>>> print(open('coords_19.tsv').read())   # TSV, C-alpha atoms
chain	number	residue	atom	x	y	z
A	1	MET	CA	-7.83	-13.89	31.01
A	2	GLY	CA	-6.35	-17.36	30.77
A	3	ALA	CA	-2.85	-16.02	31.32
A	4	ALA	CA	-4.04	-14.04	34.35
A	5	LEU	CA	-5.64	-17.12	35.91
A	6	LEU	CA	-2.56	-19.24	35.24
A	7	LEU	CA	-0.31	-16.62	36.80
A	8	GLY	CA	-2.66	-16.18	39.77
A	9	VAL	CA	-2.88	-19.93	40.44
A	10	THR	CA	0.91	-20.09	40.34
A	11	PHE	CA	1.10	-17.35	42.98
A	12	TRP	CA	-1.52	-19.19	45.07
A	13	ILE	CA	0.35	-22.51	44.94
A	14	PHE	CA	3.55	-20.73	45.96
A	15	THR	CA	1.76	-19.12	48.89
A	16	VAL	CA	0.37	-22.49	50.04
A	17	ALA	CA	3.82	-24.02	49.87
A	18	VAL	CA	5.33	-21.20	51.93
A	19	MET	CA	2.59	-21.08	54.56
A	20	PHE	CA	2.24	-24.83	55.08
A	21	PRO	CA	5.57	-26.46	54.25
A	22	ASP	CA	4.89	-29.42	56.58
A	23	ALA	CA	1.27	-30.14	55.55
A	24	ASP	CA	1.68	-33.51	53.82
A	25	GLU	CA	-2.01	-34.37	53.55
A	26	ASP	CA	-4.64	-31.95	54.86
A	27	LEU	CA	-4.22	-28.24	55.51
A	28	PRO	CA	-4.62	-27.16	59.15
A	29	GLU	CA	-7.92	-25.63	60.15
A	30	GLY	CA	-8.25	-21.96	60.93
A	31	LEU	CA	-9.44	-18.59	59.61
A	32	ARG	CA	-6.33	-17.98	57.51
A	33	THR	CA	-6.63	-21.42	55.92
A	34	ALA	CA	-10.30	-20.81	55.08
A	35	TRP	CA	-9.37	-17.45	53.58
A	36	LEU	CA	-6.61	-19.02	51.47
A	37	VAL	CA	-8.80	-21.89	50.23
A	38	LEU	CA	-12.13	-20.11	49.71
A	39	VAL	CA	-11.94	-16.32	49.78
A	40	ASP	CA	-8.61	-15.89	47.98
A	41	PRO	CA	-9.68	-17.76	44.80
A	42	ALA	CA	-13.09	-16.03	44.83
A	43	ILE	CA	-11.49	-12.58	44.93
A	44	GLY	CA	-9.09	-13.71	42.22
A	45	LEU	CA	-11.94	-14.74	39.92
A	46	VAL	CA	-13.63	-11.37	40.41
A	47	ALA	CA	-10.36	-9.56	39.63
A	48	THR	CA	-9.85	-11.68	36.53
A	49	ALA	CA	-13.41	-10.93	35.40
A	50	LEU	CA	-12.57	-7.21	35.51
A	51	LEU	CA	-9.70	-7.52	33.01
A	52	PRO	CA	-11.80	-7.00	29.85
A	53	LEU	CA	-12.64	-3.51	31.19
A	54	ARG	CA	-8.97	-2.46	31.16
A	55	ARG	CA	-9.14	-1.32	27.54
A	56	ARG	CA	-11.91	1.17	28.32
A	57	TRP	CA	-10.98	2.08	31.91
A	58	PRO	CA	-7.31	1.08	32.30
A	59	VAL	CA	-6.55	3.15	35.43
A	60	LEU	CA	-9.69	2.12	37.32
A	61	THR	CA	-9.29	-1.56	36.41
A	62	THR	CA	-5.65	-1.60	37.49
A	63	ALA	CA	-6.48	0.16	40.77
A	64	LEU	CA	-9.28	-2.30	41.61
A	65	THR	CA	-7.21	-5.39	40.82
A	66	THR	CA	-4.30	-3.95	42.82
A	67	ILE	CA	-6.53	-3.46	45.88
A	68	MET	CA	-7.88	-7.00	45.46
A	69	SER	CA	-4.35	-8.40	45.19
A	70	ALA	CA	-3.70	-7.24	48.76
A	71	GLY	CA	-6.04	-9.98	49.99
A	72	SER	CA	-5.75	-12.52	47.17
A	73	THR	CA	-2.71	-14.15	45.59
A	74	VAL	CA	-4.89	-15.30	42.68
A	75	ALA	CA	-5.87	-11.69	42.03
A	76	ALA	CA	-2.16	-10.84	41.75
A	77	GLY	CA	-2.16	-12.52	38.32
A	78	ALA	CA	-4.92	-10.24	37.08
A	79	GLN	CA	-3.19	-7.23	38.65
A	80	THR	CA	0.05	-8.07	36.82
A	81	ILE	CA	-1.73	-8.25	33.45
A	82	ALA	CA	-3.60	-5.01	34.17
A	83	MET	CA	-0.36	-3.22	35.12
A	84	VAL	CA	1.39	-4.41	31.95
A	85	SER	CA	-1.56	-3.17	29.89
A	86	LEU	CA	-1.53	0.18	31.69
A	87	ALA	CA	2.24	0.57	31.15
A	88	THR	CA	1.79	0.16	27.38
A	89	ARG	CA	0.09	3.57	27.41
A	90	GLN	CA	3.43	5.08	28.56
A	91	ARG	CA	1.77	7.71	30.75
A	92	TRP	CA	3.79	8.14	33.92
A	93	ARG	CA	1.15	10.26	35.64
A	94	GLU	CA	-1.00	7.09	35.56
A	95	ILE	CA	1.76	4.56	36.19
A	96	GLY	CA	3.44	6.28	39.15
A	97	PRO	CA	0.53	6.32	41.64
A	98	LEU	CA	-0.42	2.73	40.78
A	99	VAL	CA	3.16	1.55	41.30
A	100	ALA	CA	3.02	3.03	44.80
A	101	LEU	CA	-0.37	1.39	45.39
A	102	THR	CA	1.02	-1.95	44.22
A	103	VAL	CA	3.95	-1.73	46.63
A	104	LEU	CA	1.53	-0.93	49.44
A	105	ALA	CA	-0.75	-3.84	48.50
A	106	GLY	CA	2.21	-6.21	48.55
A	107	VAL	CA	3.22	-5.07	52.02
A	108	VAL	CA	-0.36	-5.50	53.29
A	109	SER	CA	-0.52	-9.00	51.81
A	110	THR	CA	2.71	-10.21	53.42
A	111	ARG	CA	2.23	-8.37	56.74
A	112	VAL	CA	-1.50	-8.68	57.41
A	113	VAL	CA	-3.24	-11.26	55.21
A	114	TYR	CA	-0.48	-13.86	54.98
A	115	PRO	CA	2.13	-12.89	57.60
A	116	ASP	CA	5.47	-14.66	57.49
A	117	PRO	CA	7.59	-14.68	60.66
A	118	GLU	CA	10.73	-15.04	58.56
A	119	ALA	CA	9.85	-12.21	56.19
A	120	LEU	CA	12.24	-9.41	55.34
A	121	PRO	CA	12.10	-6.11	57.19
A	122	LEU	CA	9.42	-3.71	56.07
A	123	TRP	CA	11.78	-1.65	53.98
A	124	GLY	CA	13.19	-4.81	52.40
A	125	GLU	CA	9.75	-6.06	51.40
A	126	ALA	CA	8.88	-2.65	49.94
A	127	LEU	CA	12.12	-2.66	47.98
A	128	VAL	CA	11.53	-6.16	46.60
A	129	ASN	CA	7.96	-5.28	45.65
A	130	ALA	CA	9.18	-2.12	43.93
A	131	LEU	CA	11.78	-4.07	41.94
A	132	VAL	CA	9.21	-6.65	40.84
A	133	ILE	CA	6.68	-4.04	39.77
A	134	ALA	CA	9.47	-2.15	37.96
A	135	VAL	CA	10.09	-5.24	35.83
A	136	VAL	CA	6.36	-5.52	35.10
A	137	VAL	CA	6.19	-1.86	34.09
A	138	ALA	CA	9.31	-2.23	31.92
A	139	VAL	CA	7.70	-5.12	30.06
A	140	GLY	CA	4.54	-3.10	29.45
A	141	TYR	CA	6.51	-0.02	28.42
A	142	SER	CA	8.51	-2.11	25.95
A	143	ILE	CA	5.31	-3.50	24.44
A	144	GLY	CA	3.94	0.04	24.16
A	145	SER	CA	7.07	1.22	22.39
A	146	ARG	CA	6.82	-1.67	19.96
A	147	ARG	CA	3.18	-0.87	19.25
A	148	ALA	CA	4.03	2.79	18.67
A	149	LEU	CA	6.76	1.77	16.24
A	150	VAL	CA	4.39	-0.52	14.35
A	151	ARG	CA	1.78	2.25	14.23
A	152	SER	CA	4.36	4.64	12.81
A	153	TRP	CA	5.24	2.07	10.13
A	154	VAL	CA	1.57	1.63	9.29
A	155	ASP	CA	1.06	5.40	9.11
A	156	ARG	CA	4.08	5.77	6.84
A	157	ALA	CA	2.86	2.94	4.61
A	158	ARG	CA	-0.59	4.54	4.38
A	159	ALA	CA	0.96	7.92	3.62
A	160	ALA	CA	3.16	6.40	0.92
A	161	GLU	CA	0.17	4.56	-0.54
A	162	SER	CA	-1.88	7.75	-0.49
A	163	GLU	CA	0.95	9.66	-2.15
A	164	GLN	CA	1.35	7.00	-4.82
A	165	SER	CA	-2.41	7.01	-5.45
A	166	ALA	CA	-2.27	10.78	-5.84
A	167	ARG	CA	0.62	10.46	-8.28
A	168	VAL	CA	-1.29	7.82	-10.24
A	169	ALA	CA	-4.34	10.08	-10.39
A	170	GLN	CA	-2.16	13.01	-11.49
A	171	ALA	CA	-0.55	10.92	-14.21
A	172	GLN	CA	-3.93	9.74	-15.47
A	173	THR	CA	-5.37	13.25	-15.36
A	174	ALA	CA	-2.32	14.64	-17.17
A	175	GLU	CA	-2.61	12.00	-19.90
A	176	ARG	CA	-6.31	12.73	-20.41
A	177	ALA	CA	-5.57	16.48	-20.46
A	178	ARG	CA	-2.88	16.00	-23.09
A	179	ILE	CA	-5.25	14.02	-25.29
A	180	ALA	CA	-8.01	16.61	-24.79
A	181	ARG	CA	-5.65	19.41	-25.80
A	182	GLU	CA	-4.55	17.47	-28.86
A	183	MET	CA	-8.16	16.86	-29.91
A	184	HIS	CA	-8.99	20.54	-29.51
A	185	ASP	CA	-5.87	21.75	-31.29
A	186	VAL	CA	-6.15	19.31	-34.16
A	187	LEU	CA	-9.91	19.29	-34.75
A	188	ALA	CA	-11.07	22.78	-33.78
A	189	HIS	CA	-9.74	24.43	-36.94
A	190	ARG	CA	-11.20	21.81	-39.28
A	191	ILE	CA	-14.59	21.75	-37.61
A	192	SER	CA	-14.81	25.55	-37.57
A	193	LEU	CA	-14.22	25.60	-41.36
A	194	ILE	CA	-16.88	22.94	-41.90
A	195	THR	CA	-19.32	24.93	-39.73
A	196	MET	CA	-18.63	28.13	-41.62
A	197	HIS	CA	-19.16	26.61	-45.08
A	198	SER	CA	-22.23	24.62	-44.04
A	199	GLY	CA	-23.75	27.76	-42.52
A	200	LEU	CA	-23.05	29.59	-45.74
A	201	LEU	CA	-24.97	26.94	-47.71
A	202	THR	CA	-27.84	27.03	-45.21
A	203	TYR	CA	-28.44	30.76	-45.10
A	204	ARG	CA	-27.32	31.82	-48.60
A	205	GLU	CA	-29.74	30.25	-51.06
A	206	ASP	CA	-28.79	32.76	-53.73
A	207	LEU	CA	-25.16	31.61	-53.99
A	208	PRO	CA	-23.84	31.17	-57.51
A	209	GLU	CA	-23.26	27.56	-58.53
A	210	ALA	CA	-19.49	28.04	-58.57
A	211	GLN	CA	-19.44	29.28	-54.95
A	212	ARG	CA	-21.81	26.49	-53.91
A	213	ARG	CA	-19.51	23.85	-55.41
A	214	GLU	CA	-16.54	25.55	-53.75
A	215	ALA	CA	-18.24	25.44	-50.35
A	216	VAL	CA	-19.21	21.77	-50.76
A	217	THR	CA	-15.67	20.93	-51.79
A	218	ALA	CA	-14.29	22.76	-48.76
A	219	ILE	CA	-16.65	20.86	-46.46
A	220	ASP	CA	-15.65	17.54	-48.00
A	221	THR	CA	-11.95	18.33	-47.86
A	222	ASN	CA	-12.00	19.48	-44.25
A	223	ALA	CA	-14.22	16.60	-43.16
A	224	ARG	CA	-11.75	14.11	-44.62
A	225	ALA	CA	-8.83	15.99	-43.05
A	226	ALA	CA	-10.63	16.01	-39.68
A	227	LEU	CA	-11.10	12.25	-39.84
A	228	THR	CA	-7.42	11.81	-40.64
A	229	ASP	CA	-6.45	14.09	-37.77
A	230	LEU	CA	-8.79	12.23	-35.45
A	231	ARG	CA	-6.99	8.98	-36.22
A	232	GLU	CA	-3.70	10.63	-35.38
A	233	VAL	CA	-4.80	12.57	-32.32
A	234	LEU	CA	-3.64	9.99	-29.77
A	235	GLY	CA	-0.17	10.09	-31.29
A	236	VAL	CA	0.18	13.85	-31.39
A	237	LEU	CA	2.05	15.49	-28.54
A	238	ARG	CA	2.51	19.12	-27.63
A	239	ASP	CA	5.85	20.26	-26.39
A	240	GLU	CA	4.41	22.34	-23.56
A	241	GLU	CA	7.67	23.45	-22.00
A	242	THR	CA	9.07	24.97	-25.20
A	243	GLY	CA	5.70	26.01	-26.60
A	244	GLY	CA	6.41	24.05	-29.75
A	245	SER	CA	3.82	23.34	-32.38
A	246	LEU	CA	2.04	20.08	-32.96
A	247	ARG	CA	4.21	17.37	-34.40
A	248	PRO	CA	3.04	13.97	-35.66
A	249	GLN	CA	4.35	10.98	-33.76
A	250	HIS	CA	5.96	7.88	-35.16
A	251	THR	CA	3.91	5.14	-36.72
A	252	LEU	CA	4.57	1.42	-36.79
A	253	LEU	CA	6.46	1.91	-40.06
A	254	ASP	CA	9.09	3.73	-37.98
A	255	LEU	CA	9.56	0.67	-35.73
A	256	PRO	CA	12.67	-0.61	-37.55
A	257	GLU	CA	14.30	2.79	-37.08
A	258	LEU	CA	13.47	2.67	-33.34
A	259	LEU	CA	15.03	-0.77	-33.04
A	260	ASP	CA	18.10	0.35	-34.97
A	261	ASP	CA	18.50	3.29	-32.59
A	262	ALA	CA	18.32	0.90	-29.62
A	263	ARG	CA	20.90	-1.38	-31.22
A	264	SER	CA	23.21	1.54	-31.87
A	265	ALA	CA	22.96	2.35	-28.15
A	266	GLY	CA	24.24	-1.14	-27.31
A	267	ALA	CA	21.01	-3.10	-26.90
A	268	ARG	CA	20.61	-6.56	-28.43
A	269	VAL	CA	17.13	-6.37	-29.90
A	270	VAL	CA	15.37	-9.14	-31.80
A	271	LEU	CA	12.11	-8.45	-33.66
A	272	ASP	CA	9.67	-11.28	-34.26
A	273	ASP	CA	6.82	-9.82	-36.31
A	274	GLY	CA	5.50	-13.18	-37.50
A	275	GLY	CA	5.30	-11.92	-41.05
A	276	LEU	CA	3.04	-9.06	-40.00
A	277	ASP	CA	2.61	-6.36	-42.64
A	278	LEU	CA	3.43	-3.18	-40.70
A	279	ALA	CA	1.91	-1.00	-43.40
A	280	ALA	CA	-1.46	-2.75	-42.91
A	281	VAL	CA	-1.74	-1.62	-39.30
A	282	PRO	CA	-3.92	1.53	-38.93
A	283	GLU	CA	-1.97	4.64	-38.03
A	284	THR	CA	-3.64	5.26	-34.67
A	285	LEU	CA	-3.12	1.64	-33.63
A	286	GLY	CA	0.42	1.75	-34.97
A	287	ARG	CA	1.25	4.80	-32.91
A	288	THR	CA	0.13	3.08	-29.72
A	289	VAL	CA	2.12	-0.04	-30.58
A	290	TYR	CA	5.17	2.09	-31.30
A	291	ARG	CA	4.77	3.74	-27.90
A	292	VAL	CA	4.52	0.34	-26.18
A	293	VAL	CA	7.72	-0.91	-27.78
A	294	GLN	CA	9.46	2.37	-27.00
A	295	GLU	CA	8.51	2.13	-23.31
A	296	GLY	CA	9.61	-1.52	-23.18
A	297	LEU	CA	13.02	-0.67	-24.67
A	298	THR	CA	13.39	2.27	-22.28
A	299	ASN	CA	12.70	0.07	-19.24
A	300	ALA	CA	15.07	-2.62	-20.50
A	301	ARG	CA	17.77	-0.02	-21.05
A	302	LYS	CA	17.28	1.30	-17.49
A	303	HIS	CA	17.12	-1.96	-15.61
A	304	ALA	CA	18.94	-4.48	-17.84
A	305	PRO	CA	21.42	-2.60	-20.05
A	306	GLY	CA	23.02	-4.75	-22.71
A	307	ALA	CA	20.59	-7.63	-22.14
A	308	ALA	CA	18.85	-9.31	-25.07
A	309	VAL	CA	15.42	-7.81	-25.73
A	310	THR	CA	12.78	-9.65	-27.75
A	311	VAL	CA	9.95	-7.71	-29.38
A	312	LYS	CA	7.09	-9.84	-30.66
A	313	LEU	CA	4.09	-8.70	-32.75
A	314	SER	CA	1.15	-10.88	-33.73
A	315	GLY	CA	-2.46	-10.48	-34.73
A	316	ARG	CA	-4.86	-9.91	-37.59
A	317	PRO	CA	-7.55	-7.39	-38.57
A	318	GLY	CA	-10.87	-7.86	-36.85
A	319	GLU	CA	-9.23	-9.49	-33.82
A	320	GLN	CA	-6.40	-8.35	-31.54
A	321	LEU	CA	-2.90	-7.04	-32.08
A	322	ALA	CA	-0.60	-8.45	-29.38
A	323	VAL	CA	2.71	-6.83	-28.46
A	324	THR	CA	5.25	-8.26	-26.01
A	325	VAL	CA	8.64	-6.92	-24.98
A	326	ASP	CA	10.77	-9.39	-23.01
A	327	ASN	CA	14.12	-8.92	-21.34
A	328	PRO	CA	15.97	-11.04	-18.74
A	329	ARG	CA	16.84	-9.88	-15.26
A	330	ALA	CA	20.19	-8.09	-15.09
A	331	VAL	CA	22.61	-9.83	-12.73
A	332	GLY	CA	24.45	-7.51	-10.33
A	333	HIS	CA	23.02	-4.33	-11.85
A	334	ARG	CA	21.22	-1.63	-9.90
A	335	SER	CA	19.77	1.19	-11.91
A	336	SER	CA	20.57	4.73	-10.85
A	337	ALA	CA	17.67	6.07	-12.89
A	338	PRO	CA	14.49	7.08	-11.02
A	339	THR	CA	11.78	4.42	-11.06
A	340	SER	CA	8.58	6.33	-10.40
A	341	GLY	CA	6.61	4.12	-12.82
A	342	LEU	CA	4.80	7.11	-14.30
A	343	GLY	CA	5.84	6.07	-17.81
A	344	LEU	CA	3.97	2.80	-17.42
A	345	LEU	CA	1.05	4.60	-15.77
A	346	GLY	CA	0.68	6.96	-18.71
A	347	LEU	CA	1.09	4.08	-21.14
A	348	THR	CA	-1.56	2.06	-19.31
A	349	GLU	CA	-3.95	5.00	-19.56
A	350	ARG	CA	-3.26	5.36	-23.28
A	351	VAL	CA	-3.75	1.64	-23.90
A	352	GLU	CA	-7.01	1.57	-21.95
A	353	LEU	CA	-8.33	4.59	-23.81
A	354	ALA	CA	-7.62	2.68	-27.02
A	355	GLY	CA	-9.69	-0.24	-25.69
A	356	GLY	CA	-6.71	-2.45	-24.90
A	357	ARG	CA	-5.14	-4.11	-21.89
A	358	LEU	CA	-1.60	-3.84	-20.50
A	359	THR	CA	0.23	-6.16	-18.09
A	360	HIS	CA	3.82	-6.19	-16.91
A	361	GLY	CA	5.91	-8.13	-14.41
A	362	TRP	CA	8.42	-10.91	-13.87
A	363	GLN	CA	7.74	-14.32	-15.33
A	364	GLY	CA	8.61	-17.67	-13.83
A	365	ASP	CA	11.75	-17.99	-15.96
A	366	GLY	CA	13.18	-14.70	-14.64
A	367	THR	CA	12.15	-12.68	-17.70
A	368	HIS	CA	10.42	-9.33	-17.41
A	369	ARG	CA	7.51	-9.01	-19.81
A	370	LEU	CA	5.57	-5.99	-20.98
A	371	ALA	CA	2.48	-7.29	-22.76
A	372	VAL	CA	-0.26	-5.31	-24.52
A	373	SER	CA	-3.34	-6.45	-26.37
A	374	LEU	CA	-5.15	-3.92	-28.59
A	375	PRO	CA	-8.29	-4.22	-30.74
A	376	TRP	CA	-7.48	-4.24	-34.46
A	377	PRO	CA	-10.44	-2.92	-36.48
A	378	ALA	CA	-11.40	-5.03	-39.49
>>> encode(input="coords_19.tsv", output="structure tokens")
Amino acid sequence: MGAALLLGVTFWIFTVAVMFPDADEDLPEGLRTAWLVLVDPAIGLVATALLPLRRRWPVLTTALTTIMSAGSTVAAGAQTIAMVSLATRQRWREIGPLVALTVLAGVVSTRVVYPDPEALPLWGEALVNALVIAVVVAVGYSIGSRRALVRSWVDRARAAESEQSARVAQAQTAERARIAREMHDVLAHRISLITMHSGLLTYREDLPEAQRREAVTAIDTNARAALTDLREVLGVLRDEETGGSLRPQHTLLDLPELLDDARSAGARVVLDDGGLDLAAVPETLGRTVYRVVQEGLTNARKHAPGAAVTVKLSGRPGEQLAVTVDNPRAVGHRSSAPTSGLGLLGLTERVELAGGRLTHGWQGDGTHRLAVSLPWPA
């Protein structure tokens, strides 16, 4: 509204200067002077007060301010703002009739309300008014196009965010499903044997002592095997595409071999284990740590091939086992490998299921760090 008033007052001052070029002190008396001094600003204030309605009723607001502008130069400021706002909608069936109305209002203003003996011919005035309103409409149309472009960007960003959220959810669901399948495949056989032998002891009280001892031994053996399998279940993967059988994953004792493989591929890998006894790390925890280091080396190989990679392990039983994989930013290298981030998503899910926490990102010194903290049972 402030811009409309400023524009309207500018039009009013211009009109005063044109109508009374020789009035050095007081304006001459007369009906037209009274209209210019009193009625014109009053109509302009009413037109300006209507501007907030243009968002709800743009056509009606523009039409009313256009009619008012025929008798008020101050109202012309509000009419200009309303026309720009209407043009942002980019609907020519609305813009066209109001452009014609604006041209007509301009002719009425210069021919009837504030006549000028030296004015252009009627067709000339209509042409000038049409050119001016064309500029106003062009400004509004340009603003509308810009808004539409911004809206399309926002929609695309929301769609991309929604797609990424769906991919994250799929990755998390897939990781949970893999673990659930592993638990079923590994434990179902053991538990079924335990159930069978325990049921035999429950319902067969007449079993010979030898068969009773055999059943108890079977229960004990399978219970111990089930506990062992349960420790390994997070590290067991099924090759679903080839229908392969279960295969145990690497433990932390296989970490030196992993690092040697990376070195043979050209990576410069340094291990700082702080004197940590790798054999003392539980197998399940060791498998997760192995997976963390493997993912860190994979990312370094993708995004900073040949760069020095530092793997650091620290911790003690009863506290936390910390793992960090650092590599510097590669200068002038752009990876051609896909960077969906699903590897890190699956790893994050695995770490969280193990009760740990994973962070990754660029540090202040330009080093990329993958850091994981996992609980180490006493």
>>> closest_residue(input="coords_19.tsv", among="A:Val84, A:Val289, A:Leu370, A:Val216", to="Asp326 (chain A)", atoms="all atoms listed in the file")
A:Leu370
>>> atom_distance(input="coords_19.tsv", atom1="CA of Ile43 (chain A)", atom2="CA of Val74 (chain A)")
7.5 Å
>>> residues_around(input="coords_19.tsv", residues="Gln320 (chain A)", least_positions_apart="4", cutoff="7 Å", atoms="all atoms listed in the file", output="list in words")
Gly315, Arg316, Ser373, Leu374, Pro375 and Trp376 of chain A
>>> write_last_selection(input="coords_19.tsv", atoms="C-alpha atoms", output="PDB file, keeping the file's coordinate frame")
ATOM      1  CA  GLY A 315      -2.460 -10.480 -34.730  1.00  0.00           C
ATOM      2  CA  ARG A 316      -4.860  -9.910 -37.590  1.00  0.00           C
ATOM      3  CA  SER A 373      -3.340  -6.450 -26.370  1.00  0.00           C
ATOM      4  CA  LEU A 374      -5.150  -3.920 -28.590  1.00  0.00           C
ATOM      5  CA  PRO A 375      -8.290  -4.220 -30.740  1.00  0.00           C
ATOM      6  CA  TRP A 376      -7.480  -4.240 -34.460  1.00  0.00           C
TER       7      TRP A 376
END
>>> closest_residue(input="coords_19.tsv", among="A:Val139, A:Val113, A:Ala130, A:Leu258", to="Thr298 (chain A)", atoms="all atoms listed in the file")
A:Leu258
>>> atom_distance(input="coords_19.tsv", atom1="CA of Ser152 (chain A)", atom2="CA of Met83 (chain A)")
24.1 Å
>>> closest_residue(input="coords_19.tsv", among="A:Val103, A:Ile143, A:Arg213, A:Leu285", to="Ser69 (chain A)", atoms="only C-alpha atoms")
A:Val103
>>> closest_residue(input="coords_19.tsv", among="A:Val168, A:Ala304, A:Leu259, A:Ala218", to="Leu345 (chain A)", atoms="only C-alpha atoms")
A:Val168
